[in-house]
Amino acid sequence: MGVVIVDRSTVRSFVSDETAFNKSVEERFAALDLNSDGVLSRSELRRAFESFRLLETHFGVDVAAPPPSEITVLYDSIFEKFDCDHSGTVDLQEFKSEMRNVMLAIADGLGSAPIQIAIEDDGQSFLQQAADLEAKKIEIALASSAPPQK
């Protein structure tokens with residue numbers, strides 16, 4: 001586990017940086033595309049969402065899990081949101097478009113006050129990548145405004 005400090009501008013800056021955002025999304029898509037067929041199946045996307053541990057809201061405290069049928073309905077509705085053309089698979093452009101929407105919704109939810117978020121140290125978190133991009137920009141700005149060394 002690691003901790004990042006982010007706010008709305010951190011995430012929006014990451015999403016608006018086409019090079020950084022596209023690279024991150026393309027890498028995540030490739031990692032999720034287990035059979036390398038260029039699209040995500042319902043099961044590939046479900047495995048991805050299961051790895052996000054979206055249903056673990058009680059920080060390690062055992063609680064009754066929703067019935068499997070409710071979980072299936074939840075994951076199916078998420079898949080339908082990503083599958084914009086209703087082809088039964090999610091291609092890279094659909095994935096990129098919906099991840100952009102997700103990240104912008106997160107940004108809007110964060111607001112302008114910086115908050116700390118605990119994340120996995122796997123290097124795949126979009127929020128970690130957003131924070132890293134912001135840190136790199138700050139480092140470059142500081143380096144360019146520093147007085148010359150004597």
# chains A, B, ... in the order shown; residues from 1 in each chain; ligands from 1
>>> closest_atom_pairs(of="region 10-40 of chain A", to="region 87-105 of chain A", cutoff="10 Å", atoms="only C-alpha atoms", output="tab-separated table")
residue	atom	partner	partner_atom	distance
A:Val11	CA	A:Met103	CA	6.9
A:Arg12	CA	A:Leu104	CA	6.5
A:Phe14	CA	A:Met103	CA	9.1
A:Val15	CA	A:Arg100	CA	6.6
A:Ser16	CA	A:Arg100	CA	9.2
A:Phe21	CA	A:Arg100	CA	8.5
A:Asn22	CA	A:Lys96	CA	7.4
A:Ser24	CA	A:Lys96	CA	9.6
A:Val25	CA	A:Lys96	CA	6.2
A:Glu26	CA	A:Leu92	CA	7.3
A:Arg28	CA	A:Phe95	CA	9.7
A:Phe29	CA	A:Leu92	CA	6.8
A:Ala30	CA	A:Leu92	CA	8.9
A:Asp33	CA	A:Asp91	CA	9.8
A:Asp37	CA	A:Asp91	CA	9.7
A:Gly38	CA	A:Asp91	CA	6.6
A:Val39	CA	A:Asp91	CA	4.5
A:Leu40	CA	A:Val90	CA	4.9
>>> select_by_dssp(residues="chain A", states="helix (DSSP H, G or I)", output="JSON, numbers by chain")
{"A": [8, 9, 10, 11, 12, 13, 14, 15, 16, 18, 19, 20, 21, 22, 23, 24, 25, 26, 27, 28, 29, 30, 31, 32, 42, 43, 44, 45, 46, 47, 48, 49, 50, 51, 68, 69, 70, 71, 72, 73, 74, 75, 76, 77, 78, 79, 80, 81, 82, 92, 93, 94, 95, 96, 97, 98, 99, 100, 101, 102, 103, 104, 105, 106, 107, 108, 109, 110, 126, 127, 128, 129, 130, 131, 132, 133, 134, 135, 136, 137, 138, 139, 140, 141, 142, 143, 144, 145]}
>>> closest_atom_pairs(of="region 18-136 of chain A", to="region 3-10 of chain A", cutoff="10 Å", atoms="only C-alpha atoms", output="JSON lines")
{"residue": "A:Met103", "atom": "CA", "partner": "A:Arg8", "partner_atom": "CA", "distance": 9.8}
{"residue": "A:Leu104", "atom": "CA", "partner": "A:Arg8", "partner_atom": "CA", "distance": 8.4}
{"residue": "A:Ala105", "atom": "CA", "partner": "A:Arg8", "partner_atom": "CA", "distance": 9.5}
{"residue": "A:Ile106", "atom": "CA", "partner": "A:Arg8", "partner_atom": "CA", "distance": 7.8}
{"residue": "A:Ala107", "atom": "CA", "partner": "A:Arg8", "partner_atom": "CA", "distance": 4.3}
{"residue": "A:Asp108", "atom": "CA", "partner": "A:Arg8", "partner_atom": "CA", "distance": 6.1}
{"residue": "A:Gly109", "atom": "CA", "partner": "A:Arg8", "partner_atom": "CA", "distance": 7.6}
{"residue": "A:Leu110", "atom": "CA", "partner": "A:Arg8", "partner_atom": "CA", "distance": 5.4}
{"residue": "A:Gly111", "atom": "CA", "partner": "A:Arg8", "partner_atom": "CA", "distance": 5.1}
{"residue": "A:Ser112", "atom": "CA", "partner": "A:Arg8", "partner_atom": "CA", "distance": 5.5}
{"residue": "A:Ala113", "atom": "CA", "partner": "A:Asp7", "partner_atom": "CA", "distance": 6.0}
{"residue": "A:Pro114", "atom": "CA", "partner": "A:Asp7", "partner_atom": "CA", "distance": 4.6}
{"residue": "A:Ile115", "atom": "CA", "partner": "A:Ile5", "partner_atom": "CA", "distance": 5.4}
{"residue": "A:Gln116", "atom": "CA", "partner": "A:Ile5", "partner_atom": "CA", "distance": 4.4}
{"residue": "A:Ile117", "atom": "CA", "partner": "A:Val4", "partner_atom": "CA", "distance": 5.4}
{"residue": "A:Ala118", "atom": "CA", "partner": "A:Val3", "partner_atom": "CA", "distance": 4.5}
{"residue": "A:Ile119", "atom": "CA", "partner": "A:Val3", "partner_atom": "CA", "distance": 6.0}
{"residue": "A:Glu120", "atom": "CA", "partner": "A:Val3", "partner_atom": "CA", "distance": 8.6}
{"residue": "A:Asp121", "atom": "CA", "partner": "A:Val3", "partner_atom": "CA", "distance": 8.9}
{"residue": "A:Leu127", "atom": "CA", "partner": "A:Val6", "partner_atom": "CA", "distance": 7.6}
{"residue": "A:Gln128", "atom": "CA", "partner": "A:Val4", "partner_atom": "CA", "distance": 6.5}
{"residue": "A:Gln129", "atom": "CA", "partner": "A:Val4", "partner_atom": "CA", "distance": 9.7}
{"residue": "A:Ala130", "atom": "CA", "partner": "A:Thr10", "partner_atom": "CA", "distance": 6.1}
{"residue": "A:Ala131", "atom": "CA", "partner": "A:Val6", "partner_atom": "CA", "distance": 6.4}
{"residue": "A:Asp132", "atom": "CA", "partner": "A:Val4", "partner_atom": "CA", "distance": 8.9}
{"residue": "A:Leu133", "atom": "CA", "partner": "A:Thr10", "partner_atom": "CA", "distance": 8.4}
{"residue": "A:Glu134", "atom": "CA", "partner": "A:Thr10", "partner_atom": "CA", "distance": 6.3}
{"residue": "A:Ala135", "atom": "CA", "partner": "A:Thr10", "partner_atom": "CA", "distance": 9.5}
>>> write_last_selection(atoms="N, CA, C and O atoms", output="mmCIF file, in the first residue's frame")
data_model
loop_
_atom_site.group_PDB
_atom_site.id
_atom_site.type_symbol
_atom_site.label_atom_id
_atom_site.label_comp_id
_atom_site.auth_asym_id
_atom_site.auth_seq_id
_atom_site.Cartn_x
_atom_site.Cartn_y
_atom_site.Cartn_z
ATOM 1 N N MET A 103 -12.475 8.786 -14.719
ATOM 2 C CA MET A 103 -11.470 9.630 -14.073
ATOM 3 C C MET A 103 -11.992 11.056 -13.876
ATOM 4 O O MET A 103 -11.730 11.675 -12.841
ATOM 5 N N LEU A 104 -12.735 11.585 -14.843
ATOM 6 C CA LEU A 104 -13.292 12.928 -14.680
ATOM 7 C C LEU A 104 -14.363 12.955 -13.587
ATOM 8 O O LEU A 104 -14.470 13.945 -12.848
ATOM 9 N N ALA A 105 -15.109 11.872 -13.454
ATOM 10 C CA ALA A 105 -16.094 11.782 -12.364
ATOM 11 C C ALA A 105 -15.377 11.732 -11.013
ATOM 12 O O ALA A 105 -15.818 12.364 -10.041
ATOM 13 N N ILE A 106 -14.268 10.999 -10.950
ATOM 14 C CA ILE A 106 -13.468 10.967 -9.722
ATOM 15 C C ILE A 106 -12.955 12.367 -9.416
ATOM 16 O O ILE A 106 -13.016 12.829 -8.268
ATOM 17 N N ALA A 107 -12.445 13.057 -10.436
ATOM 18 C CA ALA A 107 -11.932 14.417 -10.242
ATOM 19 C C ALA A 107 -13.016 15.322 -9.677
ATOM 20 O O ALA A 107 -12.776 16.068 -8.725
ATOM 21 N N ASP A 108 -14.200 15.252 -10.263
ATOM 22 C CA ASP A 108 -15.298 16.093 -9.786
ATOM 23 C C ASP A 108 -15.665 15.758 -8.344
ATOM 24 O O ASP A 108 -15.982 16.645 -7.553
ATOM 25 N N GLY A 109 -15.610 14.477 -8.004
ATOM 26 C CA GLY A 109 -15.920 14.057 -6.639
ATOM 27 C C GLY A 109 -14.868 14.479 -5.625
ATOM 28 O O GLY A 109 -15.176 14.701 -4.453
ATOM 29 N N LEU A 110 -13.621 14.608 -6.069
ATOM 30 C CA LEU A 110 -12.544 14.989 -5.155
ATOM 31 C C LEU A 110 -12.639 16.438 -4.715
ATOM 32 O O LEU A 110 -12.318 16.778 -3.585
ATOM 33 N N GLY A 111 -13.041 17.318 -5.614
ATOM 34 C CA GLY A 111 -13.076 18.731 -5.287
ATOM 35 C C GLY A 111 -11.680 19.326 -5.276
ATOM 36 O O GLY A 111 -10.715 18.723 -5.733
ATOM 37 N N SER A 112 -11.574 20.525 -4.728
ATOM 38 C CA SER A 112 -10.299 21.240 -4.799
ATOM 39 C C SER A 112 -9.420 21.045 -3.572
ATOM 40 O O SER A 112 -8.253 21.425 -3.596
ATOM 41 N N ALA A 113 -9.946 20.495 -2.501
ATOM 42 C CA ALA A 113 -9.140 20.260 -1.308
ATOM 43 C C ALA A 113 -8.354 18.953 -1.476
ATOM 44 O O ALA A 113 -8.946 17.910 -1.748
ATOM 45 N N PRO A 114 -7.036 19.008 -1.332
ATOM 46 C CA PRO A 114 -6.241 17.782 -1.483
ATOM 47 C C PRO A 114 -6.620 16.735 -0.437
ATOM 48 O O PRO A 114 -6.878 17.069 0.718
ATOM 49 N N ILE A 115 -6.682 15.486 -0.866
ATOM 50 C CA ILE A 115 -6.961 14.398 0.071
ATOM 51 C C ILE A 115 -5.920 13.297 -0.121
ATOM 52 O O ILE A 115 -5.310 13.171 -1.181
ATOM 53 N N GLN A 116 -5.724 12.508 0.917
ATOM 54 C CA GLN A 116 -4.829 11.362 0.849
ATOM 55 C C GLN A 116 -5.647 10.134 0.501
ATOM 56 O O GLN A 116 -6.724 9.918 1.054
ATOM 57 N N ILE A 117 -5.104 9.330 -0.407
ATOM 58 C CA ILE A 117 -5.774 8.099 -0.812
ATOM 59 C C ILE A 117 -4.773 6.957 -0.729
ATOM 60 O O ILE A 117 -3.654 7.064 -1.249
ATOM 61 N N ALA A 118 -5.169 5.871 -0.077
ATOM 62 C CA ALA A 118 -4.327 4.680 -0.028
ATOM 63 C C ALA A 118 -4.545 3.886 -1.304
ATOM 64 O O ALA A 118 -5.684 3.675 -1.732
ATOM 65 N N ILE A 119 -3.446 3.476 -1.931
ATOM 66 C CA ILE A 119 -3.526 2.716 -3.183
ATOM 67 C C ILE A 119 -2.548 1.555 -3.139
ATOM 68 O O ILE A 119 -1.612 1.538 -2.339
ATOM 69 N N GLU A 120 -2.766 0.587 -4.015
ATOM 70 C CA GLU A 120 -1.848 -0.531 -4.153
ATOM 71 C C GLU A 120 -0.535 -0.039 -4.742
ATOM 72 O O GLU A 120 -0.523 0.876 -5.567
ATOM 73 N N ASP A 121 0.565 -0.641 -4.353
ATOM 74 C CA ASP A 121 1.884 -0.271 -4.874
ATOM 75 C C ASP A 121 2.240 -1.070 -6.122
ATOM 76 O O ASP A 121 3.383 -1.460 -6.300
ATOM 77 N N LEU A 127 -4.665 6.878 -10.368
ATOM 78 C CA LEU A 127 -4.470 7.983 -9.427
ATOM 79 C C LEU A 127 -2.994 8.134 -9.071
ATOM 80 O O LEU A 127 -2.497 9.249 -8.935
ATOM 81 N N GLN A 128 -2.283 7.016 -8.929
ATOM 82 C CA GLN A 128 -0.840 7.090 -8.679
ATOM 83 C C GLN A 128 -0.138 7.740 -9.865
ATOM 84 O O GLN A 128 0.734 8.587 -9.695
ATOM 85 N N GLN A 129 -0.522 7.354 -11.066
ATOM 86 C CA GLN A 129 0.097 7.925 -12.260
ATOM 87 C C GLN A 129 -0.216 9.415 -12.376
ATOM 88 O O GLN A 129 0.633 10.200 -12.806
ATOM 89 N N ALA A 130 -1.421 9.814 -11.973
ATOM 90 C CA ALA A 130 -1.777 11.237 -11.984
ATOM 91 C C ALA A 130 -0.908 12.009 -11.001
ATOM 92 O O ALA A 130 -0.386 13.082 -11.327
ATOM 93 N N ALA A 131 -0.736 11.457 -9.807
ATOM 94 C CA ALA A 131 0.104 12.118 -8.797
ATOM 95 C C ALA A 131 1.558 12.168 -9.247
ATOM 96 O O ALA A 131 2.244 13.178 -9.055
ATOM 97 N N ASP A 132 2.039 11.095 -9.861
ATOM 98 C CA ASP A 132 3.424 11.070 -10.356
ATOM 99 C C ASP A 132 3.640 12.112 -11.453
ATOM 100 O O ASP A 132 4.675 12.779 -11.485
ATOM 101 N N LEU A 133 2.672 12.254 -12.344
ATOM 102 C CA LEU A 133 2.770 13.247 -13.417
ATOM 103 C C LEU A 133 2.829 14.656 -12.832
ATOM 104 O O LEU A 133 3.647 15.483 -13.246
ATOM 105 N N GLU A 134 1.971 14.924 -11.849
ATOM 106 C CA GLU A 134 1.978 16.242 -11.219
ATOM 107 C C GLU A 134 3.322 16.497 -10.517
ATOM 108 O O GLU A 134 3.886 17.586 -10.625
ATOM 109 N N ALA A 135 3.852 15.494 -9.824
ATOM 110 C CA ALA A 135 5.140 15.651 -9.139
ATOM 111 C C ALA A 135 6.258 15.934 -10.138
ATOM 112 O O ALA A 135 7.133 16.775 -9.882
#
>>> residues_around(residues="Ala48 (chain A)", least_positions_apart="3", cutoff="12 Å", atoms="only C-alpha atoms", output="JSON, numbers by chain")
{"A": [28, 29, 30, 31, 32, 33, 34, 40, 41, 42, 43, 44, 45, 51, 52, 53, 54, 75, 78, 79, 124]}
>>> atom_distance(atom1="CA of Ile138 (chain A)", atom2="CA of Ala20 (chain A)")
15.7 Å
>>> closest_residue(among="A:Ala65, A:Glu139, A:Ser125, A:Lys23", to="Met1 (chain A)", atoms="only C-alpha atoms")
A:Ser125
>>> select_by_dssp(residues="region 14-131 of chain A", states="strand (DSSP E)", output="list of chain:residue names")
A:Val39, A:Leu40, A:Val90, A:Asp91, A:Ile115, A:Gln116, A:Ile117, A:Ala118, A:Ile119
>>> atom_distance(atom1="CA of Lys137 (chain A)", atom2="CA of Asp122 (chain A)")
22.0 Å
>>> decode(residues="region 125-141 of chain A", atoms="all heavy atoms", output="JSON list (two decimals), in the first residue's frame")
[["chain", "number", "residue", "atom", "x", "y", "z"],
["A", 125, "SER", "N", -2.14, 2.01, -10.76],
["A", 125, "SER", "CA", -3.21, 2.92, -10.36],
["A", 125, "SER", "C", -3.18, 4.20, -11.19],
["A", 125, "SER", "O", -2.15, 4.88, -11.26],
["A", 125, "SER", "CB", -3.08, 3.27, -8.88],
["A", 125, "SER", "OG", -3.90, 4.37, -8.56],
["A", 126, "PHE", "N", -4.31, 4.53, -11.79],
["A", 126, "PHE", "CA", -4.39, 5.78, -12.54],
["A", 126, "PHE", "C", -4.19, 6.98, -11.61],
["A", 126, "PHE", "O", -3.61, 7.98, -12.00],
["A", 126, "PHE", "CB", -5.73, 5.90, -13.27],
["A", 126, "PHE", "CG", -5.85, 4.98, -14.45],
["A", 126, "PHE", "CD1", -6.95, 4.15, -14.58],
["A", 126, "PHE", "CD2", -4.89, 4.95, -15.44],
["A", 126, "PHE", "CE1", -7.08, 3.31, -15.68],
["A", 126, "PHE", "CE2", -5.01, 4.11, -16.54],
["A", 126, "PHE", "CZ", -6.10, 3.29, -16.65],
["A", 127, "LEU", "N", -4.67, 6.88, -10.37],
["A", 127, "LEU", "CA", -4.47, 7.98, -9.43],
["A", 127, "LEU", "C", -2.99, 8.13, -9.07],
["A", 127, "LEU", "O", -2.50, 9.25, -8.93],
["A", 127, "LEU", "CB", -5.32, 7.78, -8.17],
["A", 127, "LEU", "CG", -6.83, 7.91, -8.38],
["A", 127, "LEU", "CD1", -7.57, 7.61, -7.09],
["A", 127, "LEU", "CD2", -7.19, 9.29, -8.90],
["A", 128, "GLN", "N", -2.28, 7.02, -8.93],
["A", 128, "GLN", "CA", -0.84, 7.09, -8.68],
["A", 128, "GLN", "C", -0.14, 7.74, -9.86],
["A", 128, "GLN", "O", 0.73, 8.59, -9.70],
["A", 128, "GLN", "CB", -0.26, 5.69, -8.44],
["A", 128, "GLN", "CG", 1.26, 5.67, -8.29],
["A", 128, "GLN", "CD", 1.72, 6.31, -7.00],
["A", 128, "GLN", "OE1", 1.31, 5.88, -5.94],
["A", 128, "GLN", "NE2", 2.55, 7.34, -7.09],
["A", 129, "GLN", "N", -0.52, 7.35, -11.07],
["A", 129, "GLN", "CA", 0.10, 7.92, -12.26],
["A", 129, "GLN", "C", -0.22, 9.41, -12.38],
["A", 129, "GLN", "O", 0.63, 10.20, -12.81],
["A", 129, "GLN", "CB", -0.34, 7.15, -13.49],
["A", 129, "GLN", "CG", 0.22, 5.73, -13.48],
["A", 129, "GLN", "CD", -0.32, 4.86, -14.60],
["A", 129, "GLN", "OE1", -0.89, 5.34, -15.56],
["A", 129, "GLN", "NE2", -0.14, 3.55, -14.46],
["A", 130, "ALA", "N", -1.42, 9.81, -11.97],
["A", 130, "ALA", "CA", -1.78, 11.24, -11.98],
["A", 130, "ALA", "C", -0.91, 12.01, -11.00],
["A", 130, "ALA", "O", -0.39, 13.08, -11.33],
["A", 130, "ALA", "CB", -3.26, 11.42, -11.64],
["A", 131, "ALA", "N", -0.74, 11.46, -9.81],
["A", 131, "ALA", "CA", 0.10, 12.12, -8.80],
["A", 131, "ALA", "C", 1.56, 12.17, -9.25],
["A", 131, "ALA", "O", 2.24, 13.18, -9.06],
["A", 131, "ALA", "CB", -0.02, 11.39, -7.46],
["A", 132, "ASP", "N", 2.04, 11.10, -9.86],
["A", 132, "ASP", "CA", 3.42, 11.07, -10.36],
["A", 132, "ASP", "C", 3.64, 12.11, -11.45],
["A", 132, "ASP", "O", 4.68, 12.78, -11.48],
["A", 132, "ASP", "CB", 3.79, 9.68, -10.89],
["A", 132, "ASP", "CG", 3.91, 8.63, -9.79],
["A", 132, "ASP", "OD1", 3.94, 8.99, -8.60],
["A", 132, "ASP", "OD2", 3.95, 7.42, -10.14],
["A", 133, "LEU", "N", 2.67, 12.25, -12.34],
["A", 133, "LEU", "CA", 2.77, 13.25, -13.42],
["A", 133, "LEU", "C", 2.83, 14.66, -12.83],
["A", 133, "LEU", "O", 3.65, 15.48, -13.25],
["A", 133, "LEU", "CB", 1.60, 13.11, -14.39],
["A", 133, "LEU", "CG", 1.57, 14.10, -15.55],
["A", 133, "LEU", "CD1", 2.77, 13.87, -16.47],
["A", 133, "LEU", "CD2", 0.27, 13.97, -16.33],
["A", 134, "GLU", "N", 1.97, 14.92, -11.85],
["A", 134, "GLU", "CA", 1.98, 16.24, -11.22],
["A", 134, "GLU", "C", 3.32, 16.50, -10.52],
["A", 134, "GLU", "O", 3.89, 17.59, -10.63],
["A", 134, "GLU", "CB", 0.84, 16.36, -10.22],
["A", 134, "GLU", "CG", 0.79, 17.72, -9.56],
["A", 134, "GLU", "CD", -0.41, 17.88, -8.66],
["A", 134, "GLU", "OE1", -0.57, 17.08, -7.71],
["A", 134, "GLU", "OE2", -1.18, 18.83, -8.90],
["A", 135, "ALA", "N", 3.85, 15.49, -9.82],
["A", 135, "ALA", "CA", 5.14, 15.65, -9.14],
["A", 135, "ALA", "C", 6.26, 15.93, -10.14],
["A", 135, "ALA", "O", 7.13, 16.77, -9.88],
["A", 135, "ALA", "CB", 5.45, 14.40, -8.33],
["A", 136, "LYS", "N", 6.22, 15.25, -11.28],
["A", 136, "LYS", "CA", 7.23, 15.47, -12.31],
["A", 136, "LYS", "C", 7.15, 16.90, -12.86],
["A", 136, "LYS", "O", 8.18, 17.56, -13.05],
["A", 136, "LYS", "CB", 7.06, 14.46, -13.44],
["A", 136, "LYS", "CG", 8.10, 14.54, -14.52],
["A", 136, "LYS", "CD", 7.88, 13.46, -15.57],
["A", 136, "LYS", "CE", 8.91, 13.57, -16.68],
["A", 136, "LYS", "NZ", 8.69, 12.55, -17.71],
["A", 137, "LYS", "N", 5.93, 17.39, -13.09],
["A", 137, "LYS", "CA", 5.75, 18.76, -13.59],
["A", 137, "LYS", "C", 6.27, 19.78, -12.57],
["A", 137, "LYS", "O", 6.90, 20.77, -12.94],
["A", 137, "LYS", "CB", 4.29, 19.02, -13.92],
["A", 137, "LYS", "CG", 3.81, 18.31, -15.17],
["A", 137, "LYS", "CD", 2.34, 18.58, -15.43],
["A", 137, "LYS", "CE", 1.86, 17.87, -16.68],
["A", 137, "LYS", "NZ", 0.43, 18.10, -16.93],
["A", 138, "ILE", "N", 6.01, 19.54, -11.30],
["A", 138, "ILE", "CA", 6.49, 20.45, -10.25],
["A", 138, "ILE", "C", 8.02, 20.42, -10.19],
["A", 138, "ILE", "O", 8.66, 21.46, -10.09],
["A", 138, "ILE", "CB", 5.88, 20.07, -8.88],
["A", 138, "ILE", "CG1", 4.38, 20.39, -8.88],
["A", 138, "ILE", "CG2", 6.60, 20.79, -7.74],
["A", 138, "ILE", "CD1", 3.63, 19.84, -7.68],
["A", 139, "GLU", "N", 8.59, 19.23, -10.28],
["A", 139, "GLU", "CA", 10.05, 19.09, -10.27],
["A", 139, "GLU", "C", 10.70, 19.85, -11.43],
["A", 139, "GLU", "O", 11.69, 20.56, -11.26],
["A", 139, "GLU", "CB", 10.42, 17.61, -10.34],
["A", 139, "GLU", "CG", 11.89, 17.31, -10.24],
["A", 139, "GLU", "CD", 12.14, 15.82, -10.31],
["A", 139, "GLU", "OE1", 11.55, 15.07, -9.51],
["A", 139, "GLU", "OE2", 12.95, 15.40, -11.17],
["A", 140, "ILE", "N", 10.11, 19.73, -12.61],
["A", 140, "ILE", "CA", 10.64, 20.43, -13.79],
["A", 140, "ILE", "C", 10.50, 21.94, -13.61],
["A", 140, "ILE", "O", 11.42, 22.70, -13.91],
["A", 140, "ILE", "CB", 9.92, 19.94, -15.07],
["A", 140, "ILE", "CG1", 10.34, 18.51, -15.38],
["A", 140, "ILE", "CG2", 10.21, 20.87, -16.24],
["A", 140, "ILE", "CD1", 9.52, 17.83, -16.46],
["A", 141, "ALA", "N", 9.36, 22.39, -13.08],
["A", 141, "ALA", "CA", 9.15, 23.82, -12.88],
["A", 141, "ALA", "C", 10.14, 24.39, -11.86],
["A", 141, "ALA", "O", 10.68, 25.47, -12.05],
["A", 141, "ALA", "CB", 7.72, 24.08, -12.42]]
